[in-house]
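Trainee: Have a peek at model.cif (mmCIF, C-alpha atoms and all ligand atoms).
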```
data_upload
loop_
_atom_site.label_atom_id
_atom_site.label_comp_id
_atom_site.auth_asym_id
_atom_site.auth_seq_id
_atom_site.Cartn_x
_atom_site.Cartn_y
_atom_site.Cartn_z
CA MET A 1 107.26 118.77 114.23
CA ASN A 2 107.21 115.65 112.13
CA THR A 3 109.75 115.04 109.45
CA GLU A 4 107.85 112.84 107.03
CA GLN A 5 109.11 113.43 103.54
CA ASN A 6 106.25 111.81 101.63
CA SER A 7 104.09 113.76 99.26
CA GLU A 8 100.38 112.99 99.14
CA GLU A 9 100.90 111.24 95.79
CA THR A 10 103.45 108.66 96.90
CA ALA A 11 102.91 105.58 99.04
CA PRO A 12 103.66 106.37 102.69
CA LEU A 13 107.15 105.50 103.83
CA GLY A 14 108.07 105.25 107.45
CA LEU A 15 111.20 104.97 109.53
CA VAL A 16 110.79 101.73 111.48
CA HIS A 17 113.01 100.99 114.45
CA SER A 18 111.92 97.38 114.96
CA VAL A 19 108.96 95.03 115.21
CA GLU A 20 107.91 92.48 117.79
CA SER A 21 105.51 89.77 116.73
CA CYS A 22 104.35 88.52 120.13
CA GLY A 23 104.03 91.48 122.48
CA THR A 24 101.84 91.01 125.55
CA VAL A 25 101.95 94.28 127.52
CA ASP A 26 101.16 97.03 125.01
CA GLY A 27 97.44 96.44 124.67
CA PRO A 28 95.11 93.46 125.09
CA GLY A 29 96.00 89.94 123.98
CA VAL A 30 98.99 88.96 121.88
CA ARG A 31 100.10 91.83 119.67
CA PHE A 32 102.28 92.76 116.75
CA ILE A 33 104.19 95.82 117.96
CA LEU A 34 105.58 98.28 115.45
CA PHE A 35 108.21 100.59 116.93
CA LEU A 36 108.67 103.75 114.88
CA SER A 37 111.60 106.15 115.11
CA GLY A 38 111.34 109.76 116.21
CA CYS A 39 109.62 111.59 119.04
CA SER A 40 108.72 115.20 119.80
CA LEU A 41 109.56 114.91 123.51
CA ARG A 42 112.97 114.77 125.14
CA CYS A 43 112.21 112.81 128.29
CA ARG A 44 115.09 112.79 130.71
CA TYR A 45 114.51 109.07 131.29
CA CYS A 46 114.00 107.99 127.69
CA HIS A 47 115.36 104.47 127.32
CA ASN A 48 115.55 104.73 123.51
CA PRO A 49 117.30 108.05 122.84
CA ASP A 50 119.11 106.35 119.93
CA THR A 51 115.86 106.11 117.98
CA SER A 52 113.70 108.78 119.61
CA PHE A 53 116.04 111.76 119.55
CA VAL A 54 118.13 110.70 116.57
CA ARG A 55 116.10 109.44 113.63
CA ARG A 56 117.50 105.99 113.08
CA GLY A 57 115.75 102.99 111.62
CA LYS A 58 114.90 101.24 108.39
CA GLU A 59 112.78 102.99 105.81
CA ARG A 60 109.84 100.76 104.90
CA SER A 61 106.64 101.25 102.97
CA ALA A 62 103.30 100.91 104.71
CA ASP A 63 102.39 98.18 102.21
CA ASP A 64 105.49 96.21 103.14
CA VAL A 65 104.73 96.46 106.88
CA LEU A 66 101.07 95.56 106.32
CA GLU A 67 102.07 92.49 104.36
CA GLU A 68 104.23 91.38 107.29
CA ILE A 69 101.37 92.04 109.72
CA SER A 70 98.99 89.97 107.56
CA ARG A 71 101.10 86.87 108.22
CA TYR A 72 100.20 87.10 111.91
CA ALA A 73 96.62 88.34 111.53
CA ALA A 74 94.82 85.03 112.08
CA PHE A 75 96.94 84.25 115.12
CA MET A 76 96.42 87.69 116.66
CA LYS A 77 92.67 87.51 116.16
CA ALA A 78 92.56 84.07 117.78
CA ALA A 79 94.66 85.39 120.69
CA GLY A 80 92.40 88.37 121.29
CA GLY A 81 95.15 90.74 120.26
CA GLY A 82 95.97 93.07 117.43
CA VAL A 83 98.51 95.67 116.37
CA THR A 84 100.11 98.36 118.52
CA ILE A 85 102.09 101.20 116.97
CA SER A 86 104.66 102.49 119.43
CA GLY A 87 108.02 104.23 119.27
CA GLY A 88 109.35 106.77 119.70
CA ASP A 89 105.95 108.23 119.10
CA PRO A 90 103.76 107.00 116.24
CA LEU A 91 102.31 110.49 115.81
CA PHE A 92 105.74 111.78 114.82
CA GLN A 93 105.09 110.04 111.48
CA PRO A 94 101.33 110.64 111.20
CA ARG A 95 100.88 109.83 107.53
CA PHE A 96 102.65 106.48 107.85
CA THR A 97 100.81 105.66 111.07
CA ARG A 98 97.50 106.55 109.48
CA ALA A 99 98.20 104.16 106.57
CA ILE A 100 99.14 101.32 108.93
CA LEU A 101 96.02 101.86 111.03
CA LYS A 102 93.78 101.89 107.99
CA GLY A 103 95.41 98.75 106.59
CA CYS A 104 95.06 96.95 109.93
CA LYS A 105 91.36 97.78 110.14
CA ALA A 106 90.95 96.46 106.58
CA GLN A 107 92.40 93.19 107.90
CA GLY A 108 89.88 93.22 110.76
CA LEU A 109 92.55 93.77 113.42
CA HIS A 110 92.27 95.58 116.75
CA THR A 111 94.49 98.68 116.67
CA CYS A 112 96.28 100.64 119.35
CA ILE A 113 98.72 103.55 119.46
CA ASP A 114 101.18 104.15 122.28
CA THR A 115 101.79 107.90 122.46
CA SER A 116 102.58 110.88 124.66
CA GLY A 117 99.70 112.70 122.98
CA HIS A 118 101.89 115.76 122.41
CA LEU A 119 101.14 115.57 118.68
CA GLY A 120 97.51 114.55 119.17
CA ALA A 121 96.36 117.45 117.02
CA SER A 122 97.72 115.54 114.01
CA VAL A 123 95.01 112.89 114.50
CA ASP A 124 91.94 113.84 112.50
CA ASP A 125 88.53 112.21 112.97
CA GLU A 126 89.08 109.74 110.15
CA MET A 127 92.33 108.52 111.70
CA LEU A 128 90.75 108.40 115.13
CA ALA A 129 88.05 106.10 113.79
CA ASP A 130 90.77 103.58 112.88
CA ILE A 131 92.17 103.52 116.43
CA ASP A 132 90.53 101.14 118.92
CA LEU A 133 92.65 101.95 121.96
CA VAL A 134 95.12 104.66 122.98
CA LEU A 135 97.91 104.04 125.48
CA LEU A 136 98.45 107.61 126.66
CA ASP A 137 101.53 108.59 128.64
CA ILE A 138 100.85 111.48 130.98
CA LYS A 139 104.33 111.95 132.32
CA ALA A 140 103.57 114.38 135.14
CA TRP A 141 100.57 116.31 136.39
CA ASN A 142 102.29 119.52 137.43
CA PRO A 143 102.91 121.54 134.20
CA GLU A 144 106.26 122.82 135.45
CA VAL A 145 107.46 119.34 136.38
CA TYR A 146 106.23 118.08 133.02
CA GLN A 147 108.07 120.78 131.09
CA GLU A 148 111.26 120.21 133.03
CA LEU A 149 111.02 116.42 132.58
CA VAL A 150 110.18 116.18 128.87
CA LYS A 151 111.08 119.66 127.51
CA GLN A 152 107.60 120.25 126.09
CA PRO A 153 104.34 121.64 127.54
CA LEU A 154 101.70 119.40 129.11
CA GLN A 155 98.58 121.01 127.65
CA PRO A 156 98.58 119.32 124.20
CA THR A 157 98.51 115.94 125.93
CA LEU A 158 95.56 116.95 128.09
CA ASP A 159 93.78 118.36 125.04
CA PHE A 160 94.20 115.00 123.32
CA ALA A 161 93.03 113.09 126.41
CA GLU A 162 89.88 115.21 126.55
CA ARG A 163 89.24 114.73 122.85
CA LEU A 164 89.55 110.96 123.29
CA ALA A 165 87.16 111.14 126.21
CA ALA A 166 84.64 113.17 124.22
CA ALA A 167 84.84 110.58 121.44
CA GLY A 168 84.41 107.72 123.92
CA LYS A 169 87.70 106.24 122.74
CA PRO A 170 89.08 103.63 125.19
CA MET A 171 92.32 104.70 126.85
CA TRP A 172 94.94 103.17 129.13
CA LEU A 173 96.90 105.73 131.13
CA ARG A 174 100.61 105.19 131.60
CA TYR A 175 102.59 106.90 134.31
CA VAL A 176 106.33 106.54 134.79
CA LEU A 177 107.21 106.78 138.47
CA VAL A 178 110.52 108.60 138.98
CA PRO A 179 111.59 109.02 142.61
CA GLY A 180 111.97 112.68 143.50
CA ILE A 181 110.28 113.89 140.29
CA THR A 182 106.89 112.23 139.68
CA ASP A 183 106.27 110.74 143.13
CA ASN A 184 104.47 113.70 144.72
CA PRO A 185 101.31 112.08 146.16
CA ALA A 186 99.26 115.29 145.86
CA ASP A 187 100.06 115.58 142.15
CA VAL A 188 99.33 111.90 141.56
CA GLU A 189 96.01 112.30 143.38
CA LYS A 190 95.08 115.17 141.04
CA LEU A 191 96.06 113.11 138.01
CA ALA A 192 94.07 110.11 139.25
CA ARG A 193 90.99 112.29 139.79
CA TYR A 194 91.41 113.82 136.36
CA ALA A 195 91.72 110.37 134.77
CA ALA A 196 88.65 109.12 136.63
CA GLY A 197 86.70 112.17 135.49
CA LEU A 198 87.51 111.53 131.83
CA GLY A 199 85.33 108.43 131.87
CA ASN A 200 87.20 106.55 129.11
CA VAL A 201 90.26 105.37 131.06
CA GLN A 202 90.00 101.60 131.40
CA ARG A 203 93.25 100.94 133.16
CA VAL A 204 96.32 102.62 134.63
CA ASP A 205 99.86 101.28 134.29
CA VAL A 206 102.33 102.66 136.82
CA LEU A 207 105.76 102.02 135.33
CA PRO A 208 108.71 102.17 137.75
CA PHE A 209 111.65 104.22 136.49
CA HIS A 210 114.70 102.14 135.53
CA GLN A 211 118.22 102.73 134.25
CA ILE A 212 118.08 100.41 131.22
CA GLY A 213 118.72 103.16 128.67
CA LYS A 214 121.53 104.93 130.53
CA PHE A 215 124.34 103.51 128.37
CA LYS A 216 122.63 104.74 125.19
CA TRP A 217 122.77 108.34 126.38
CA GLU A 218 126.45 107.91 127.09
CA GLU A 219 127.07 106.31 123.67
CA LEU A 220 125.37 109.27 122.00
CA GLY A 221 127.42 111.73 124.02
CA LEU A 222 124.26 113.15 125.59
CA GLU A 223 124.07 114.36 129.15
CA TYR A 224 122.06 111.87 131.21
CA THR A 225 120.71 113.79 134.19
CA LEU A 226 119.14 110.88 136.08
CA ALA A 227 122.30 108.83 136.58
CA ASP A 228 122.01 109.08 140.36
CA VAL A 229 118.30 108.28 140.59
CA GLU A 230 117.50 104.81 141.90
CA PRO A 231 114.44 102.86 140.73
CA PRO A 232 111.52 103.32 143.15
CA GLU A 233 111.26 101.01 146.15
CA PRO A 234 108.31 98.58 145.87
CA GLN A 235 106.71 100.38 148.82
CA LEU A 236 106.69 103.69 146.91
CA THR A 237 105.35 102.06 143.75
CA ASN A 238 102.58 100.42 145.76
CA SER A 239 101.64 103.68 147.44
CA ILE A 240 101.32 105.42 144.07
CA LYS A 241 99.27 102.54 142.63
CA GLU A 242 97.07 102.75 145.71
CA ILE A 243 96.20 106.36 144.84
CA PHE A 244 94.96 105.23 141.44
CA ARG A 245 93.11 102.27 142.94
CA ALA A 246 91.38 104.59 145.41
CA ASN A 247 90.12 106.59 142.43
CA GLY A 248 88.47 103.57 140.87
CA PHE A 249 91.30 101.99 138.88
CA ALA A 250 91.19 98.54 140.42
CA ASP A 251 93.04 97.21 137.38
CA CYS A 252 96.10 99.35 138.17
CA THR A 253 98.98 97.14 137.08
CA TYR A 254 102.76 96.66 137.16
S1 LIG B 301 107.86 110.02 124.88
FE1 LIG B 301 108.86 108.00 125.02
S2 LIG B 301 110.13 107.85 123.19
FE2 LIG B 301 109.59 110.02 123.45
S3 LIG B 301 111.31 110.89 124.58
FE3 LIG B 301 109.74 110.29 126.06
S4 LIG B 301 110.30 108.22 126.72
FE4 LIG B 301 111.44 108.66 124.82
#
```
Could you take the file, read its structure, and then write that structure out as structure tokens?
Ligand code: SF4
Mentor:
Amino acid sequence: MNTEQNSEETAPLGLVHSVESCGTVDGPGVRFILFLSGCSLRCRYCHNPDTSFVRRGKERSADDVLEEISRYAAFMKAAGGGVTISGGDPLFQPRFTRAILKGCKAQGLHTCIDTSGHLGASVDDEMLADIDLVLLDIKAWNPEVYQELVKQPLQPTLDFAERLAAAGKPMWLRYVLVPGITDNPADVEKLARYAAGLGNVQRVDVLPFHQIGKFKWEELGLEYTLADVEPPEPQLTNSIKEIFRANGFADCTY
């Protein structure tokens, strides 16, 4: 459920956590990254529970954000980059995200959203046309593991992935590797085959689990259930990346 309060008549307002003007990992080239607050998932490893679970941030108008983006537009174009809307999840504030995407395309910028896809049904065809690339997190292949890990069902994410594939929309798959939870080689093999079969996945990022956000859970008084889980050994990370490489994702990174 999104909690946008705007009516159709007013200019879209969004809750912005932060911005980064020179991002280099969330899409091609040098990018302006807009981090929005709020998310529909409750990932056990979320490193930003302070802005994803609790809606914190600064309320800004889309026009204000677009004016800030315009200051970097020439540089981003020259650097082969663009704008990435991340979070949280940008689809938690679909009307605001839609306005930012449209405004970026009007400035001739490459656009990207970084999403779990759980709210993919909120993206209509017009909005999809303003998105050049989707960074899609598929957090587990086994539906039961997925549900247990993020507290929401997997299917909406797969529905969105298949819609992106049908539209020929470029996609980068992101997979967080958590020892003991998402490291089952058979499940990863099924995910890799699925991704290869979609036909629109250009790259796979395997992201090793880390403990960076642990203190935020504690500050919020939330139970952090992965306190005893160590980051994956390089050998495990390599073996998981190898599964993706064997399915045609030579560009498998991280
Ligand atoms: S999808 Fe991302 S922002 Fe949302 S809960 Fe999971 S890790 Fe946090």
Trainee: For atom CA of Ala246 of chain A and atom CA of Lys139 of chain A, determine how far apart the two atoms are, in Å to one decimal place.
Mentor: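 Straight-line distance from atom CA of Ala246 of chain A to atom CA of Lys139 of chain A works out to 19.8 Å.
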Trainee: Using only C-alpha atoms and all ligand atoms, find each residue with an atom at most 8 Å away from ligand LIG 301 (chain B) and format the answer as a PDB file with C-alpha atoms, in the frame of the given file.
Mentor:
```
ATOM      1  CA  GLY A  38     111.340 109.760 116.210  1.00  0.00           C
ATOM      2  CA  CYS A  39     109.620 111.590 119.040  1.00  0.00           C
ATOM      3  CA  SER A  40     108.720 115.200 119.800  1.00  0.00           C
ATOM      4  CA  LEU A  41     109.560 114.910 123.510  1.00  0.00           C
ATOM      5  CA  ARG A  42     112.970 114.770 125.140  1.00  0.00           C
ATOM      6  CA  CYS A  43     112.210 112.810 128.290  1.00  0.00           C
ATOM      7  CA  ARG A  44     115.090 112.790 130.710  1.00  0.00           C
ATOM      8  CA  TYR A  45     114.510 109.070 131.290  1.00  0.00           C
ATOM      9  CA  CYS A  46     114.000 107.990 127.690  1.00  0.00           C
ATOM     10  CA  HIS A  47     115.360 104.470 127.320  1.00  0.00           C
ATOM     11  CA  ASN A  48     115.550 104.730 123.510  1.00  0.00           C
ATOM     12  CA  PRO A  49     117.300 108.050 122.840  1.00  0.00           C
ATOM     13  CA  THR A  51     115.860 106.110 117.980  1.00  0.00           C
ATOM     14  CA  SER A  52     113.700 108.780 119.610  1.00  0.00           C
ATOM     15  CA  PHE A  53     116.040 111.760 119.550  1.00  0.00           C
ATOM     16  CA  GLY A  87     108.020 104.230 119.270  1.00  0.00           C
ATOM     17  CA  GLY A  88     109.350 106.770 119.700  1.00  0.00           C
ATOM     18  CA  ASP A  89     105.950 108.230 119.100  1.00  0.00           C
ATOM     19  CA  THR A 115     101.790 107.900 122.460  1.00  0.00           C
ATOM     20  CA  SER A 116     102.580 110.880 124.660  1.00  0.00           C
ATOM     21  CA  ASP A 137     101.530 108.590 128.640  1.00  0.00           C
ATOM     22  CA  VAL A 150     110.180 116.180 128.870  1.00  0.00           C
TER      23      VAL A 150
END
```
Trainee: Residues near Phe96 of chain A, anyone? I mean within 9 Å using only C-alpha atoms, not counting same-chain ones fewer than 2 positions away, as a list in words.
Mentor: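 Near Phe96 of chain A, the qualifying residues are Glu4, Asn6, Ala11, Pro12, Leu13, Gly14, Leu15, Ser61, Ala62, Pro90, Leu91, Gln93, Pro94, Arg98, Ala99, Ile100 and Leu101 of chain A.
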Trainee: Neighbouring residues of Ile240 of chain A were defined as those with any atom within 8 Å, considering only C-alpha atoms; residues of the same chain fewer than 2 positions away were excluded. Please report them as a PyMOL selection string.
Mentor: chain A and resi 183+185+188+206+236-238+242-244
Trainee: Once 8 Å is added on each side, what centre and edge lengths in Å to one decimal does the axis-aligned box around all listed atoms of segment 104-111 of chain A have, as lines of an AutoDock Vina configuration file?
Mentor:
```
center_x = 92.5
center_y = 95.9
center_z = 111.7
size_x = 21.2
size_y = 21.5
size_z = 26.2
```
Trainee: A:Asp205, A:Glu230, A:Glu218, A:Glu126: which is nearest Ala250 of chain A, counting all atoms listed in the file?
Mentor: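 Checking each of A:Asp205, A:Glu230, A:Glu218, A:Glu126 against Ala250 of chain A, counting all atoms listed in the file, the winner is A:Asp205.
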Trainee: If I take atom CA of Ser86 of chain A and atom CA of Cys112 of chain A, how far is one from the other in Å, to one decimal?
Mentor: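 Atom-to-atom, atom CA of Ser86 of chain A and atom CA of Cys112 of chain A are spaced 8.6 Å apart.
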Trainee: Give the answer as one residue: which of A:Thr97, A:Asn247, A:Asn200, A:Thr84 has the shortest atom-to-atom distance to Met171 of chain A, using all atoms listed in the file?
Mentor: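 Using all atoms listed in the file, the shortest distance to Met171 of chain A belongs to A:Asn200.
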Trainee: Which is closer to Ala140 of chain A than all the others in A:Glu219, A:Asp125, A:Asp114, A:Glu189, using only C-alpha atoms?
Mentor: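 Among the listed residues, A:Glu189 lies closest to Ala140 of chain A.
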Trainee: In terms of the shortest atom-to-atom distance over only C-alpha atoms, which of A:Ala106, A:Leu36, A:Val201, A:Asn184 is closest to Glu59 of chain A?
Mentor: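 Under the stated criterion, the closest residue is A:Leu36.
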Trainee: Hey, can you check how far atom CA of Leu226 of chain A sits from atom CA of Gln155 of chain A?
Mentor: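 Those two atoms sit 24.4 Å apart.
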Trainee: Using all atoms listed in the file, list the residues that have an atom at most 10 Å from (89.8, 94.4, 112.9), coordinates as in the file, as a list in words.
Mentor: Ala73, Lys77, Gly81, Gly82, Val83, Leu101, Lys102, Gly103, Cys104, Lys105, Ala106, Gln107, Gly108, Leu109, His110, Thr111, Asp130 and Asp132 of chain A
Trainee: Which residue is closest to Gly180 of chain A? Choose from A:Ala167, A:Ile212, A:Met76, A:Val145 and count all atoms listed in the file.
Mentor: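 Checking each candidate against Gly180 of chain A, we get A:Val145 as the closest.
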Trainee: Between A:Trp141, A:Glu20, A:Arg31, A:Leu133, which is the closest to Arg193 of chain A once you count only C-alpha atoms?
Mentor: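 Counting only C-alpha atoms, the residue closest to Arg193 of chain A is A:Trp141.
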